[in-house]
Protein chains: 2
Amino acid sequence: MSNNNSATPRRQLHLNVNILHSGFVPSAWRLPESDPWAFADIQHYIRTARIAEAAKLDAIFLADNAAIVDQIHFRPITALEPTILLACVAAATTHIGLIATASTSYNEPYNIARRFSTLDHVSNGRAGWNMVTTADLPSARNFGLDTTPDHTKRYARASEFADIVKALWDSWEDDAFIGDKASGSFIDPTKVHAIAHRGEHFAVQGPLNLPRAPQGHPVLVQAGASADGRELASRHAEAVFSASQSFEESLAYARALKTRAAELGRGPDAVKVLAGLTTIVGGTEAEARRRRDELVDLIPWDYSLTRIAGTLGITPDRLKLDERLPDNLPLPGNGNGNHTFFNAVVAAGRTHGYTVRQLIRELAGGGGHRVIVGTPEQIADDIEHWFKGGAADGFNLMPDALPHGLQDFVDGVVPILQKRGLFRTEYEGRTLRDHLGLARPGGRVAQRLAA
Amino acid sequence: MSNNNSATPRRQLHLNVNILHSGFVPSAWRLPESDPWAFADIQHYIRTARIAEAAKLDAIFLADNAAIVDQIHFRPITALEPTILLACVAAATTHIGLIATASTSYNEPYNIARRFSTLDHVSNGRAGWNMVTTADLPSARNFGLDTTPDHTKRYARASEFADIVKALWDSWEDDAFIGDKASGSFIDPTKVHAIAHRGEHFAVQGPLNLPRAPQGHPVLVQAGASADGRELASRHAEAVFSASQSFEESLAYARALKTRAAELGRGPDAVKVLAGLTTIVGGTEAEARRRRDELVDLIPWDYSLTRIAGTLGITPDRLKLDERLPDNLPLPGNGNGNHTFFNAVVAAGRTHGYTVRQLIRELAGGGGHRVIVGTPEQIADDIEHWFKGGAADGFNLMPDALPHGLQDFVDGVVPILQKRGLFRTEYEGRTLRDHLGLARPGGRVAQRLAA
């Protein structure tokens, strides 16, 4: 890996921030510096995005749900619809990438293709789509179903869905627009194509009713730990959000994913692995730990028990705070949690032999993502280790509290990463693809030339 | 009607502008001052919205389609998805209302309720939803259908759809949010309610996953000329976009609509009739006519013939440019045009005995909306006549070309309307409901108190 301007481009560290309302720790909204209404306040998202942009982060990321899936008496939820939220953020920023989550189970591919292409147009090429299949029952019941669709069927639908969305994104050639006032030719109709898709789940004629997006395709993002999820990611994803608790596990995951993507004919840099990482920053390690404990102590134990039980697909009464996790927990069936977080929580519990109470404390409230509690120096060391060792191409940061936890990270950790030559000091391009080092898909012309 | 500060509020004239890409006349993009790329350029919409806001207009309006339904080799199309587009405009404006079109046939009610509530949150209460049932075949074919749904069935689905959307908007009581850091109470779950809807077309459990919108309900807008459309408007719409060619027709339409709304138990001011109006402004009438002719001469006749035939639900070969419309044209069946425009075009042709060529010229390219060609004084007179006579509560302006035709209107016509005391000189409120003089729906608490 060279840092000079040789022909081989320097491998870039990527940093996204997940703007999960008031922050990743469920009690973040209770901190003195937090605004409890932030979850529904567009200014909170704009403010946080500007902090991320000032630090030259790659993108902001918005999770989403199509129902209330958490305990609203204790904590904020994903509320504002992400594509609309990010359109506002687009108008208030210039460079930062904008990644929104949307479900393949409860949308139509034509609408998703159009909305993300629109977001790409209005942001001048900064849009990304995090495709999720949506496992929970409350969402299913908002869309006419009494049970959640079977895991395998959800992923089969998602794969066909992604094929259609990409075909719609390519339904206009890049130079279809003419706009010649003298001749009156507006668009060249020979460069706008039906897709005439007829598949198992969908029939979509096309073309899309807007020109090809600035990025060709908005960046396709996915997070899948199950076998079906990994296969979907290998086929379609350009960035994957992983939830590994250990370096070795993440390295194995990244290698397997990239190997499978290569088998499917994709290039060696076609997919970036971004590891989920909650950061709790302090001037000393002890200070950081005090902050973590303060946050955890503000979470009702009942809430944490119910939440971790939900992730494990069991009832809360099967967990005792001062005992270890039960043995032989089965992978959750359809509609119970998701495999990514199940695996992460079980691994965290088993590896360290934690009691449930310790596990909740170490996971800073019982989510499935890895938590680092420490000084900026310690966090930068960890990031460098994972990045240089190939366990991650970057990180999906989930600060303990927002915007203050992000401010702590960009003030403390980012300058160290920059000094070490690991992270950019200026944006080198304008689009999310530029930031992530992803090629712009060539579309139909490129497909024709290659044929 | 009094203009002083008596207890009876002065009846307000309402003016929206329909930002139909480069303007209502199909050749608008070919004018020297036009940017052909405007249709896909968010800055065009922001610039135009700011002109409207500077003139204190009520709202901007975005039409939409879920497919390419026009002839793209001749003119721009609705391209950017309107809710995302308007979220960007929201971030760049402060007062103007933001009305987006979305289809009840090709969306799910949960998603629509959430997106419009989100738009209302991010704009601080400026969102409106123009609900359409989508009659065309290309749209149907983008959503798994081979034919368009039957007219009556489309409207039955739309009515149930609107009921669900409103129930979801009311699923949170206004004071459900607590956010008390000391006690850790975030939301009062007893004030967040499932809707448990099980109907003919949909099963939706609810509640919505975001707090009640600033306006309670985003403003519900509709445009329906058919019997089913009028019934839907009478039940649900708070603003109706009409397409009447004559004062008498519009007066009869407005009276019938308001009478039916009253029969359904709605208040006398519960629905505003906003008449579609294309304006072509000139310093003299002759100058305005020259501009109209210049624009019409830039439209290929083949394009206009095909377009008007489409509206009439017939093939273009049945129309001869220098003959009148055929007699006994049947109302179009499902999937062919829409009743509003059919009636308007037929009425325009019959009333004046126009040839098809004259009709296309008088309609400034063959759309179904009324066109005024004249001086600011003449246009203001016409607006005052319709408004004072009760044929309209206001107008949905569709300037010939954008943004210049709107600039001509706000520079020439608006000051005259203001001088006559017909139109506001400052915004008197902050929300779209404030501008339109519509009450904020009380939600569940009001329903309980009334019961």
# chains A, B, ... in the order shown; residues from 1 in each chain; ligands from 1
call {"tool": "interface_residues", "arguments": {"of": "chain A", "to": "chain B", "cutoff": "7 Å", "atoms": "only C-alpha atoms", "output": "VMD selection string"}}
result
chain A and resid 30 36 42 67 to 68 72 to 75 79 to 81 83 to 84 87 to 88 91 110 114 to 115 118 to 119 122 141 to 144 179 181 184 to 189 202 to 206 208 to 210
call {"tool": "write_last_selection", "arguments": {"atoms": "C-alpha atoms", "output": "PDB file, in the first residue's frame"}}
result
ATOM      1  CA  ARG A  30     -31.627  11.846  28.051  1.00  0.00           C
ATOM      2  CA  PRO A  36     -35.364  14.824  22.792  1.00  0.00           C
ATOM      3  CA  ILE A  42     -35.028  17.976  10.149  1.00  0.00           C
ATOM      4  CA  ALA A  67     -43.601   0.325  11.457  1.00  0.00           C
ATOM      5  CA  ILE A  68     -42.924   1.032  15.100  1.00  0.00           C
ATOM      6  CA  ILE A  72     -41.503   4.139  22.139  1.00  0.00           C
ATOM      7  CA  HIS A  73     -42.039   4.860  25.816  1.00  0.00           C
ATOM      8  CA  PHE A  74     -38.268   4.521  26.328  1.00  0.00           C
ATOM      9  CA  ARG A  75     -36.564   5.812  23.188  1.00  0.00           C
ATOM     10  CA  ALA A  79     -39.617   8.478  12.036  1.00  0.00           C
ATOM     11  CA  LEU A  80     -39.024  10.808   9.074  1.00  0.00           C
ATOM     12  CA  GLU A  81     -39.009   8.903   5.766  1.00  0.00           C
ATOM     13  CA  THR A  83     -35.433   9.760   1.054  1.00  0.00           C
ATOM     14  CA  ILE A  84     -37.422  12.904   1.862  1.00  0.00           C
ATOM     15  CA  ALA A  87     -33.494  15.514  -0.024  1.00  0.00           C
ATOM     16  CA  CYS A  88     -33.590  18.297   2.571  1.00  0.00           C
ATOM     17  CA  ALA A  91     -30.206  21.061  -0.323  1.00  0.00           C
ATOM     18  CA  TYR A 110     -40.568   1.251 -10.234  1.00  0.00           C
ATOM     19  CA  ARG A 114     -37.501   6.550  -9.461  1.00  0.00           C
ATOM     20  CA  ARG A 115     -37.076   7.893  -5.937  1.00  0.00           C
ATOM     21  CA  THR A 118     -34.462  11.513  -8.191  1.00  0.00           C
ATOM     22  CA  LEU A 119     -32.377  11.748  -5.024  1.00  0.00           C
ATOM     23  CA  VAL A 122     -31.229  16.572  -6.858  1.00  0.00           C
ATOM     24  CA  ARG A 141     -49.157  -5.930   9.213  1.00  0.00           C
ATOM     25  CA  ASN A 142     -48.962  -2.418   7.780  1.00  0.00           C
ATOM     26  CA  PHE A 143     -48.933  -3.897   4.279  1.00  0.00           C
ATOM     27  CA  GLY A 144     -51.791  -6.345   4.258  1.00  0.00           C
ATOM     28  CA  GLY A 179     -32.775  19.614 -25.998  1.00  0.00           C
ATOM     29  CA  LYS A 181     -34.284  24.330 -29.619  1.00  0.00           C
ATOM     30  CA  GLY A 184     -37.325  20.862 -31.693  1.00  0.00           C
ATOM     31  CA  SER A 185     -35.742  17.515 -30.771  1.00  0.00           C
ATOM     32  CA  PHE A 186     -36.082  17.103 -27.050  1.00  0.00           C
ATOM     33  CA  ILE A 187     -35.106  13.513 -26.260  1.00  0.00           C
ATOM     34  CA  ASP A 188     -33.839  10.835 -28.634  1.00  0.00           C
ATOM     35  CA  PRO A 189     -36.496   8.131 -28.221  1.00  0.00           C
ATOM     36  CA  PHE A 202     -42.842  -8.573 -10.865  1.00  0.00           C
ATOM     37  CA  ALA A 203     -43.852  -7.449 -14.334  1.00  0.00           C
ATOM     38  CA  VAL A 204     -42.410  -4.024 -15.146  1.00  0.00           C
ATOM     39  CA  GLN A 205     -42.475  -2.589 -18.628  1.00  0.00           C
ATOM     40  CA  GLY A 206     -40.362   0.572 -18.220  1.00  0.00           C
ATOM     41  CA  LEU A 208     -38.201   4.990 -16.152  1.00  0.00           C
ATOM     42  CA  ASN A 209     -39.640   8.490 -16.608  1.00  0.00           C
ATOM     43  CA  LEU A 210     -36.486  10.405 -15.874  1.00  0.00           C
TER      44      LEU A 210
END
call {"tool": "select_by_dssp", "arguments": {"residues": "range 351-391 of chain A", "states": "strand (DSSP E or B)", "output": "PyMOL selection string"}}
result
chain A and resi 355+370-374
call {"tool": "write_last_selection", "arguments": {"atoms": "N, CA, C and O atoms", "output": "PDB file, in the first residue's frame"}}
result
ATOM      1  N   THR A 355     -22.226 -12.236  31.436  1.00  0.00           N
ATOM      2  CA  THR A 355     -23.618 -12.356  31.867  1.00  0.00           C
ATOM      3  C   THR A 355     -24.442 -11.429  30.981  1.00  0.00           C
ATOM      4  O   THR A 355     -23.906 -10.576  30.265  1.00  0.00           O
ATOM      5  N   ARG A 370     -20.475  -3.571  17.192  1.00  0.00           N
ATOM      6  CA  ARG A 370     -19.280  -3.493  18.039  1.00  0.00           C
ATOM      7  C   ARG A 370     -19.173  -2.097  18.649  1.00  0.00           C
ATOM      8  O   ARG A 370     -19.492  -1.108  17.999  1.00  0.00           O
ATOM      9  N   VAL A 371     -18.725  -2.063  19.899  1.00  0.00           N
ATOM     10  CA  VAL A 371     -18.599  -0.798  20.626  1.00  0.00           C
ATOM     11  C   VAL A 371     -17.144  -0.604  21.014  1.00  0.00           C
ATOM     12  O   VAL A 371     -16.524  -1.524  21.560  1.00  0.00           O
ATOM     13  N   ILE A 372     -16.570   0.562  20.713  1.00  0.00           N
ATOM     14  CA  ILE A 372     -15.266   0.913  21.270  1.00  0.00           C
ATOM     15  C   ILE A 372     -15.456   2.054  22.242  1.00  0.00           C
ATOM     16  O   ILE A 372     -16.080   3.064  21.906  1.00  0.00           O
ATOM     17  N   VAL A 373     -14.875   1.858  23.401  1.00  0.00           N
ATOM     18  CA  VAL A 373     -14.930   2.878  24.451  1.00  0.00           C
ATOM     19  C   VAL A 373     -13.481   3.263  24.716  1.00  0.00           C
ATOM     20  O   VAL A 373     -12.694   2.421  25.164  1.00  0.00           O
ATOM     21  N   GLY A 374     -13.098   4.501  24.405  1.00  0.00           N
ATOM     22  CA  GLY A 374     -11.692   4.827  24.639  1.00  0.00           C
ATOM     23  C   GLY A 374     -11.315   6.223  24.212  1.00  0.00           C
ATOM     24  O   GLY A 374     -12.176   7.055  23.895  1.00  0.00           O
TER      25      GLY A 374
END
call {"tool": "select_by_dssp", "arguments": {"residues": "range 127-285 of chain B", "states": "helix (DSSP H, G or I)", "output": "PyMOL selection string"}}
result
chain B and resi 137-141+151-169+189-191+227-236+247-263+285
call {"tool": "closest_residue", "arguments": {"among": "B:Pro149, B:Gly23, B:Gly128, B:Pro218", "to": "His44 in chain B", "atoms": "only C-alpha atoms"}}
result
B:Gly23
call {"tool": "decode", "arguments": {"residues": "range 295-336 of chain B", "atoms": "N, CA and C atoms", "output": "tab-separated table (two decimals), in the first residue's frame"}}
result
chain	number	residue	atom	x	y	z
B	295	LEU	N	-45.46	30.63	-29.64
B	295	LEU	CA	-45.34	29.37	-28.90
B	295	LEU	C	-46.04	28.23	-29.65
B	296	VAL	N	-47.27	28.50	-30.14
B	296	VAL	CA	-48.02	27.44	-30.82
B	296	VAL	C	-47.30	27.04	-32.12
B	297	ASP	N	-46.73	28.01	-32.80
B	297	ASP	CA	-46.03	27.69	-34.06
B	297	ASP	C	-44.76	26.87	-33.83
B	298	LEU	N	-44.28	26.85	-32.61
B	298	LEU	CA	-43.10	26.02	-32.30
B	298	LEU	C	-43.48	24.59	-31.91
B	299	ILE	N	-44.80	24.30	-31.86
B	299	ILE	CA	-45.24	22.93	-31.55
B	299	ILE	C	-45.52	22.20	-32.87
B	300	PRO	N	-44.92	21.07	-33.11
B	300	PRO	CA	-45.25	20.32	-34.32
B	300	PRO	C	-46.74	19.94	-34.31
B	301	TRP	N	-47.43	20.11	-35.45
B	301	TRP	CA	-48.87	19.79	-35.49
B	301	TRP	C	-49.13	18.32	-35.21
B	302	ASP	N	-48.21	17.48	-35.67
B	302	ASP	CA	-48.36	16.04	-35.40
B	302	ASP	C	-48.44	15.77	-33.90
B	303	TYR	N	-47.59	16.46	-33.16
B	303	TYR	CA	-47.59	16.30	-31.72
B	303	TYR	C	-48.94	16.70	-31.14
B	304	SER	N	-49.44	17.87	-31.56
B	304	SER	CA	-50.69	18.37	-30.99
B	304	SER	C	-51.86	17.47	-31.35
B	305	LEU	N	-51.86	16.99	-32.59
B	305	LEU	CA	-52.94	16.09	-33.02
B	305	LEU	C	-52.95	14.82	-32.18
B	306	THR	N	-51.78	14.24	-32.00
B	306	THR	CA	-51.69	13.01	-31.22
B	306	THR	C	-52.12	13.26	-29.78
B	307	ARG	N	-51.73	14.41	-29.25
B	307	ARG	CA	-52.04	14.71	-27.85
B	307	ARG	C	-53.54	14.90	-27.65
B	308	ILE	N	-54.16	15.67	-28.53
B	308	ILE	CA	-55.59	15.96	-28.35
B	308	ILE	C	-56.40	14.68	-28.62
B	309	ALA	N	-55.95	13.87	-29.57
B	309	ALA	CA	-56.63	12.58	-29.81
B	309	ALA	C	-56.54	11.69	-28.58
B	310	GLY	N	-55.38	11.72	-27.93
B	310	GLY	CA	-55.20	10.94	-26.71
B	310	GLY	C	-56.19	11.37	-25.63
B	311	THR	N	-56.34	12.68	-25.48
B	311	THR	CA	-57.28	13.21	-24.48
B	311	THR	C	-58.71	12.77	-24.81
B	312	LEU	N	-59.02	12.71	-26.11
B	312	LEU	CA	-60.37	12.35	-26.53
B	312	LEU	C	-60.58	10.83	-26.61
B	313	GLY	N	-59.50	10.09	-26.43
B	313	GLY	CA	-59.61	8.64	-26.48
B	313	GLY	C	-59.86	8.08	-27.87
B	314	ILE	N	-59.35	8.78	-28.89
B	314	ILE	CA	-59.50	8.31	-30.26
B	314	ILE	C	-58.13	8.29	-30.95
B	315	THR	N	-58.07	7.73	-32.14
B	315	THR	CA	-56.80	7.74	-32.87
B	315	THR	C	-56.67	9.06	-33.64
B	316	PRO	N	-55.42	9.54	-33.84
B	316	PRO	CA	-55.21	10.86	-34.46
B	316	PRO	C	-55.83	10.98	-35.86
B	317	ASP	N	-55.95	9.87	-36.59
B	317	ASP	CA	-56.47	9.95	-37.96
B	317	ASP	C	-57.95	10.35	-37.99
B	318	ARG	N	-58.63	10.30	-36.88
B	318	ARG	CA	-60.03	10.73	-36.85
B	318	ARG	C	-60.17	12.25	-36.77
B	319	LEU	N	-59.05	12.93	-36.57
B	319	LEU	CA	-59.08	14.40	-36.49
B	319	LEU	C	-58.48	15.01	-37.75
B	320	LYS	N	-59.16	16.01	-38.30
B	320	LYS	CA	-58.61	16.78	-39.43
B	320	LYS	C	-58.37	18.20	-38.94
B	321	LEU	N	-57.19	18.72	-39.20
B	321	LEU	CA	-56.82	20.02	-38.65
B	321	LEU	C	-57.82	21.12	-38.98
B	322	ASP	N	-58.37	21.09	-40.21
B	322	ASP	CA	-59.25	22.20	-40.60
B	322	ASP	C	-60.72	21.83	-40.56
B	323	GLU	N	-61.03	20.79	-39.82
B	323	GLU	CA	-62.44	20.47	-39.57
B	323	GLU	C	-62.72	20.52	-38.07
B	324	ARG	N	-64.03	20.52	-37.74
B	324	ARG	CA	-64.40	20.53	-36.33
B	324	ARG	C	-64.18	19.15	-35.71
B	325	LEU	N	-64.32	19.07	-34.40
B	325	LEU	CA	-64.24	17.77	-33.72
B	325	LEU	C	-65.34	16.85	-34.23
B	326	PRO	N	-65.11	15.55	-34.30
B	326	PRO	CA	-66.18	14.63	-34.69
B	326	PRO	C	-67.35	14.75	-33.70
B	327	ASP	N	-68.56	14.46	-34.20
B	327	ASP	CA	-69.72	14.44	-33.30
B	327	ASP	C	-69.72	13.15	-32.47
B	328	ASN	N	-70.53	13.19	-31.44
B	328	ASN	CA	-70.80	11.97	-30.65
B	328	ASN	C	-69.55	11.26	-30.14
B	329	LEU	N	-68.61	12.04	-29.65
B	329	LEU	CA	-67.44	11.39	-29.05
B	329	LEU	C	-67.86	10.78	-27.72
B	330	PRO	N	-67.58	9.49	-27.55
B	330	PRO	CA	-67.94	8.88	-26.26
B	330	PRO	C	-66.92	9.24	-25.19
B	331	LEU	N	-67.38	9.31	-23.95
B	331	LEU	CA	-66.44	9.46	-22.83
B	331	LEU	C	-65.41	8.33	-22.92
B	332	PRO	N	-64.14	8.65	-22.72
B	332	PRO	CA	-63.13	7.60	-22.86
B	332	PRO	C	-63.34	6.48	-21.86
B	333	GLY	N	-63.06	5.27	-22.30
B	333	GLY	CA	-63.15	4.12	-21.40
B	333	GLY	C	-61.96	4.11	-20.47
B	334	ASN	N	-61.82	3.06	-19.71
B	334	ASN	CA	-60.69	2.96	-18.79
B	334	ASN	C	-59.40	2.99	-19.55
B	335	GLY	N	-58.46	3.71	-19.01
B	335	GLY	CA	-57.13	3.71	-19.59
B	335	GLY	C	-56.95	4.68	-20.72
B	336	ASN	N	-57.99	5.41	-21.11
B	336	ASN	CA	-57.83	6.38	-22.17
B	336	ASN	C	-58.14	7.78	-21.64
